[in-house]
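Quick notes on the structure that follows.
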Amino acid sequence: MDLLPKDMRFGAGLPVRRVEDQRLVTGRGRYVDDQAHADALWLVVLRSPHAHARIASIDTSAALAMEGVAAMFTGADLIADDIGALPTLAIFKRPDGAPMAFPTRRLLAHEVVRFAGEAVAVAVATSRAIALAATEAVVVDYEVLPAVTDPVAATEPGAPLVWPQTPDNVVAGMSYGDAAAVEAAFKTAAHVVSLDVVSQRLVPAAMEPRSTVAELDAGNGRLTMHMQTQTPTTTRDILADAVLKRPKDSIRILVGDIGGGFGQKTNLYPEDGMVAYAAVKLKRKVRWRGERTDDFVGGTHGRDLTSTGEFALDARGRVLAFRVRSIGGTGAYLSGTGVIIPLVLGPFVATGTYDLPLVHIDVRAVMTHTAPTGAYRGAGRPEAVYIVERLMDAAARQIGMDPRKIRKVNFIKSSQMPYQTATGQTYDSGAFAHMLDRASDLADWDGFAARKRAALKKGLLYGRGLASYIEWTGGRVHNEKVSLHATGDGKVVLHSGTQAMGQGLETAYSQMISAALGIPMDKIEVVQGNTDLAQGFGSVGSRSLFVGGTAAVVSATDLIAKARETAANVLEAGLGDIEYSDGWLTVAGTDRRVSLFDLAKHETNARLSVDSEGQVDGPTWPNGSHICEVEIDPQTGQTKVVRFTTVDDVGVAINPMLVEGQIHGGVAQGIGQALYEGVHYDPEGQLLTASYQDYCIPRADDVPAITVTLDESAPCRTNPLGSKGCGESGAIGGPPCVVNAVMDALSSAGVKNLHAPLTPMKVWEALRQAQAAAA
């Protein structure tokens, strides 16, 4: 795809301040639970206390007798009313070639519960307190069954089964590459490096817990859902087609502001479906507000990939073959992306920034009696990059090479672009060695030795980590439709099916349209989250800017073209004589002109409107190099990240300030994954990390000043803006960078390998064990 000339890139490179922040930071955000719904009934969920149990009976009679209780619903009620289940595409095969077989996920468990926290019944009442009391009055007779929570243990003979039709709990598998050729390379290699790595389960830590309000129009029976979703159109379609079984146009999804999404809010959840069902059934407005624990036990989790990665290398450090065996945990049910993430999205970037043509990757998706996994910032790519980057450092340490040198020996060269990977993906652009060189200079690579000596004098261990990452963005949908309107009252309004959730889309879109039309940004309004006004794939996979932004650019061009045609008629001039500039249409060489907004006054509804579609040629491949340094107190095991430097290739940065903010946030989450965060179930399936009292996320003083440098030397070739996605980059490069730094510091003490999160207790115990082994 041809790139736009630099002077036509619609405001690219301008660090425009976020226009939405005035609203958000002054408490005027439009969040679901902030809305006034005084007449609404409240819905509260009763969750299973068991990870695996047969439901013998549910008695709701005492709850129904309580004053203020409008209704009690169980799984049997939903089946009687022909309410459908949440869909999962059975598009994969099991390793033996048999079709996928997995349990149906209903809004409420029916006959069997499969994870602690699964919704079993709901109470609907005039207040939240009464609904909560009603759930406590429900009597459920459970027959407790054996459970398994570890995906690796779930594949062992005799493990408890999540679904009897899947006798080994392996729901699906995929293989990539040539196993025989890889095995042959390993037999003749000068060096073989093997490493067990785990990307542990994480809970997405959005500031705003999930909440939903549903109301039915008494006149036409139309259902309006006020909810948080990154994908309003898809959410509407699933609710209509699969769950309620009613026409799509009988449902409207309205999304206001979202206090963070991170991928967790891409799904239609059982709670959303139950609120909708109750509103239709009772013909009343119904609301549900999740507590923080509802997100921990009932929301999707991220990551959960256990792998063994291996390199076969020659004497110079060149990787001859790369082999990975992975088990990805899906939880008890398959979310819409639960199998796609480990089987497809991870392998997309499994070879990283390296020229590794000989690979064998075997991945299996395994069910356990735990909450389902789904999208979380990066969705598969952090796990895959983590494997190859941990291996690069382990290989450098084992064969005595500088970690930069071994990467440069193996990097894909710019001259090889476009480059097809061993897993069938095509990188359109990238300058990986250049990125590493810039990061090394900015991180003061040569000054590390002095900083390490200073730390050692204070009794601290000191280490440096490096990661070269690449990311796939796009969500596999490469078009987006928008409409753009010039109004008679002097506004330009964009309707888009993408969805803001804190990343600054309102600013970015306004910035581009302002530059294209020559209209001040305060005259531009961006409307998202209304399926009556715009439909699209939504905001996942860092696609909003390069796909949705391309659509915005196209719409501005289309609006100018339509305005010129209209002005030619009004001014009685030839179309070729009409010039557009800064909201005015002028007959060339004269002073005869008309404003864009005056033209709109005479159109239907006082709007001059265009419907447009943006199309890109394929995904984008943002990449970069991260370098960090850590200090560790060997007496306590406490690790502190003291320096963090990134150089990130996001192609053409439309708004560098927004991009840097996205990278900062991703790195903070990456530090959390490396050092603090981890979901833990006990052997019986109880979630031990069900609140922030037990689940640790980094605080402000745990995150150092992060030096972010954007590099535009390799613009994207798949969209006219030259931009690459940026929303997930920091969360992909961050975890291996920090863990590599910790392992660098610990290697001098004899510690070979640790699994994240590298908590103080884990580091302290490893140091003690290494000390004892050396004694």
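By convention here, the chains of the structure tokens are called A, B, ... in the order presented, each chain's residues are numbered starting at 1, and ligands are numbered starting at 1 in the order presented.
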
TODO: Could you pull out the residues in region 526-667 of chain A that DSSP calls strand (DSSP E) from the backbone, as an NGL selection string?
DONE: :A and (526-527 or 578-581 or 584-587 or 593-595 or 607-615 or 623-633 or 638-649)

Open item on the list: Env of region 200-213 of chain A: 7 Å cut, atoms = only C-alpha atoms, seq-sep filter 3 positions within chain, self excluded. Answer as a PyMOL selection string.
Closed with: chain A and resi 32-33+225-228+259-262+264+272+275+286-292+295-296+301-305+376+677-679+756

TODO: Would you please give, as number ranges by chain, all residues of region 334-569 of chain A that DSSP assigns to helix (DSSP H, G or I) based on the backbone?
DONE: A: 340-348, 381-399, 403-410, 414-416, 432-442, 445-457, 505-517, 521-523, 544-569

Please dump the current selection as an mmCIF file, in the first residue's frame; keep C-alpha atoms.
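Result file out.cif:
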```cif
data_model
loop_
_atom_site.group_PDB
_atom_site.id
_atom_site.type_symbol
_atom_site.label_atom_id
_atom_site.label_comp_id
_atom_site.auth_asym_id
_atom_site.auth_seq_id
_atom_site.Cartn_x
_atom_site.Cartn_y
_atom_site.Cartn_z
ATOM 1 C CA ILE A 340 -7.102 -19.084 19.436
ATOM 2 C CA ILE A 341 -4.635 -17.314 21.740
ATOM 3 C CA PRO A 342 -2.245 -20.226 22.471
ATOM 4 C CA LEU A 343 -2.795 -22.119 19.206
ATOM 5 C CA VAL A 344 -2.662 -19.223 16.718
ATOM 6 C CA LEU A 345 -1.823 -15.787 18.081
ATOM 7 C CA GLY A 346 1.238 -16.928 20.015
ATOM 8 C CA PRO A 347 2.761 -18.840 17.092
ATOM 9 C CA PHE A 348 2.262 -15.737 14.899
ATOM 10 C CA ARG A 381 2.221 -12.588 21.809
ATOM 11 C CA PRO A 382 3.698 -11.820 25.264
ATOM 12 C CA GLU A 383 3.832 -15.548 26.009
ATOM 13 C CA ALA A 384 5.553 -16.378 22.717
ATOM 14 C CA VAL A 385 8.070 -13.531 22.841
ATOM 15 C CA TYR A 386 8.808 -14.450 26.444
ATOM 16 C CA ILE A 387 9.951 -17.915 25.350
ATOM 17 C CA VAL A 388 12.303 -16.840 22.583
ATOM 18 C CA GLU A 389 13.758 -13.913 24.556
ATOM 19 C CA ARG A 390 14.380 -15.962 27.675
ATOM 20 C CA LEU A 391 16.102 -18.551 25.468
ATOM 21 C CA MET A 392 18.284 -15.917 23.809
ATOM 22 C CA ASP A 393 19.651 -14.800 27.169
ATOM 23 C CA ALA A 394 20.031 -18.370 28.423
ATOM 24 C CA ALA A 395 21.914 -19.301 25.256
ATOM 25 C CA ALA A 396 24.189 -16.264 25.538
ATOM 26 C CA ARG A 397 25.001 -17.157 29.134
ATOM 27 C CA GLN A 398 25.581 -20.849 28.377
ATOM 28 C CA ILE A 399 27.947 -20.356 25.427
ATOM 29 C CA PRO A 403 23.373 -10.943 24.785
ATOM 30 C CA ARG A 404 23.411 -8.250 22.105
ATOM 31 C CA LYS A 405 25.823 -10.133 19.888
ATOM 32 C CA ILE A 406 23.824 -13.367 19.877
ATOM 33 C CA ARG A 407 20.743 -11.401 18.884
ATOM 34 C CA LYS A 408 22.539 -9.585 16.085
ATOM 35 C CA VAL A 409 23.837 -12.880 14.735
ATOM 36 C CA ASN A 410 20.245 -14.080 14.466
ATOM 37 C CA SER A 414 16.169 -5.106 6.873
ATOM 38 C CA SER A 415 17.252 -6.286 3.432
ATOM 39 C CA GLN A 416 15.198 -9.465 3.964
ATOM 40 C CA PHE A 432 15.797 -4.784 14.440
ATOM 41 C CA ALA A 433 19.570 -4.328 14.762
ATOM 42 C CA HIS A 434 19.144 -0.574 14.457
ATOM 43 C CA MET A 435 16.583 -0.595 17.273
ATOM 44 C CA LEU A 436 18.935 -2.529 19.541
ATOM 45 C CA ASP A 437 21.821 -0.167 18.811
ATOM 46 C CA ARG A 438 19.720 2.891 19.628
ATOM 47 C CA ALA A 439 18.415 1.326 22.831
ATOM 48 C CA SER A 440 21.947 0.379 23.906
ATOM 49 C CA ASP A 441 23.168 3.931 23.447
ATOM 50 C CA LEU A 442 20.225 5.465 25.282
ATOM 51 C CA TRP A 445 25.203 0.098 27.996
ATOM 52 C CA ASP A 446 28.874 0.771 28.639
ATOM 53 C CA GLY A 447 28.144 2.375 32.014
ATOM 54 C CA PHE A 448 26.525 -0.766 33.385
ATOM 55 C CA ALA A 449 29.739 -2.183 34.876
ATOM 56 C CA ALA A 450 30.256 0.898 37.039
ATOM 57 C CA ARG A 451 26.663 0.846 38.237
ATOM 58 C CA LYS A 452 26.991 -2.825 39.104
ATOM 59 C CA ARG A 453 30.160 -2.208 41.120
ATOM 60 C CA ALA A 454 28.413 0.552 43.044
ATOM 61 C CA ALA A 455 25.500 -1.751 43.855
ATOM 62 C CA LEU A 456 27.776 -4.563 44.992
ATOM 63 C CA LYS A 457 29.477 -2.167 47.408
ATOM 64 C CA LEU A 505 -8.973 7.540 20.484
ATOM 65 C CA GLU A 506 -11.100 10.663 20.759
ATOM 66 C CA THR A 507 -7.934 12.746 20.640
ATOM 67 C CA ALA A 508 -6.258 10.812 17.827
ATOM 68 C CA TYR A 509 -9.316 10.793 15.563
ATOM 69 C CA SER A 510 -10.060 14.470 16.252
ATOM 70 C CA GLN A 511 -6.443 15.323 15.545
ATOM 71 C CA MET A 512 -6.495 13.612 12.149
ATOM 72 C CA ILE A 513 -9.862 15.007 11.091
ATOM 73 C CA SER A 514 -8.872 18.481 12.241
ATOM 74 C CA ALA A 515 -5.729 18.362 10.134
ATOM 75 C CA ALA A 516 -7.573 16.959 7.125
ATOM 76 C CA LEU A 517 -10.445 19.456 7.179
ATOM 77 C CA MET A 521 -10.382 20.253 17.260
ATOM 78 C CA ASP A 522 -12.952 21.767 19.605
ATOM 79 C CA LYS A 523 -15.445 21.688 16.716
ATOM 80 C CA SER A 544 -8.057 1.096 16.366
ATOM 81 C CA LEU A 545 -5.598 3.634 15.010
ATOM 82 C CA PHE A 546 -4.237 1.997 11.909
ATOM 83 C CA VAL A 547 -7.589 0.523 10.788
ATOM 84 C CA GLY A 548 -10.086 2.881 12.422
ATOM 85 C CA GLY A 549 -7.805 5.859 11.827
ATOM 86 C CA THR A 550 -7.478 4.924 8.167
ATOM 87 C CA ALA A 551 -11.279 4.929 7.972
ATOM 88 C CA ALA A 552 -11.370 8.384 9.576
ATOM 89 C CA VAL A 553 -8.880 9.668 6.996
ATOM 90 C CA VAL A 554 -10.940 8.208 4.159
ATOM 91 C CA SER A 555 -14.109 9.793 5.560
ATOM 92 C CA ALA A 556 -12.492 13.238 5.674
ATOM 93 C CA THR A 557 -11.449 12.888 2.040
ATOM 94 C CA ASP A 558 -14.939 11.679 1.104
ATOM 95 C CA LEU A 559 -16.586 14.578 2.941
ATOM 96 C CA ILE A 560 -14.465 17.119 1.095
ATOM 97 C CA ALA A 561 -15.350 15.465 -2.210
ATOM 98 C CA LYS A 562 -19.084 15.573 -1.412
ATOM 99 C CA ALA A 563 -18.851 19.158 -0.204
ATOM 100 C CA ARG A 564 -17.149 20.204 -3.457
ATOM 101 C CA GLU A 565 -19.965 18.612 -5.473
ATOM 102 C CA THR A 566 -22.609 20.368 -3.370
ATOM 103 C CA ALA A 567 -20.767 23.693 -3.499
ATOM 104 C CA ALA A 568 -20.459 23.465 -7.284
ATOM 105 C CA ASN A 569 -24.245 23.403 -7.503
#
```

TODO: In Å, rounded to a single decimal, give me how far CA of Asp39 (chain A) is from CA of Ala276 (chain A).
DONE: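 These atoms are spaced 16.0 Å apart.
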
Open item on the list: Residues within 7 Å of His626 (chain A), please, as a PyMOL selection string. Count only C-alpha atoms; anything in the same chain fewer than 6 positions from it doesn't count.
Closed with: chain A and resi 439+466-468+645-647+733+737

Limited to N, CA and C atoms, could you put the picked residues into a file as a PDB file, in the first residue's frame?
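What landed in part_6.pdb:
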```pdb
ATOM      1  N   ALA A 439      18.757   1.582  21.431  1.00  0.00           N
ATOM      2  CA  ALA A 439      18.415   1.326  22.831  1.00  0.00           C
ATOM      3  C   ALA A 439      19.672   1.200  23.686  1.00  0.00           C
ATOM      4  N   LEU A 466      17.610  -7.657  28.632  1.00  0.00           N
ATOM      5  CA  LEU A 466      17.401  -7.164  27.275  1.00  0.00           C
ATOM      6  C   LEU A 466      16.280  -7.980  26.645  1.00  0.00           C
ATOM      7  N   ALA A 467      15.447  -7.326  25.856  1.00  0.00           N
ATOM      8  CA  ALA A 467      14.437  -8.035  25.077  1.00  0.00           C
ATOM      9  C   ALA A 467      14.238  -7.314  23.756  1.00  0.00           C
ATOM     10  N   SER A 468      14.221  -8.084  22.698  1.00  0.00           N
ATOM     11  CA  SER A 468      13.860  -7.563  21.389  1.00  0.00           C
ATOM     12  C   SER A 468      12.519  -8.198  21.039  1.00  0.00           C
ATOM     13  N   THR A 645      14.685   1.403  29.667  1.00  0.00           N
ATOM     14  CA  THR A 645      14.821   2.168  28.423  1.00  0.00           C
ATOM     15  C   THR A 645      14.197   1.384  27.294  1.00  0.00           C
ATOM     16  N   THR A 646      13.400   2.041  26.474  1.00  0.00           N
ATOM     17  CA  THR A 646      12.834   1.379  25.312  1.00  0.00           C
ATOM     18  C   THR A 646      13.050   2.227  24.064  1.00  0.00           C
ATOM     19  N   VAL A 647      13.251   1.553  22.964  1.00  0.00           N
ATOM     20  CA  VAL A 647      13.158   2.177  21.646  1.00  0.00           C
ATOM     21  C   VAL A 647      12.123   1.368  20.887  1.00  0.00           C
ATOM     22  N   GLY A 733       7.306  -6.588  25.471  1.00  0.00           N
ATOM     23  CA  GLY A 733       8.737  -6.490  25.716  1.00  0.00           C
ATOM     24  C   GLY A 733       9.104  -6.458  27.184  1.00  0.00           C
ATOM     25  N   CYS A 737      12.230  -8.745  29.504  1.00  0.00           N
ATOM     26  CA  CYS A 737      13.313  -7.820  29.821  1.00  0.00           C
ATOM     27  C   CYS A 737      13.598  -7.833  31.315  1.00  0.00           C
TER      28      CYS A 737
END
```

Task: Residue nearest Ala770 (chain A) - candidates A:Ala714, A:Thr229, A:Asn753, A:Ser199, atoms counted: only C-alpha atoms - done: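 Closest residue, counting only C-alpha atoms: A:Asn753.
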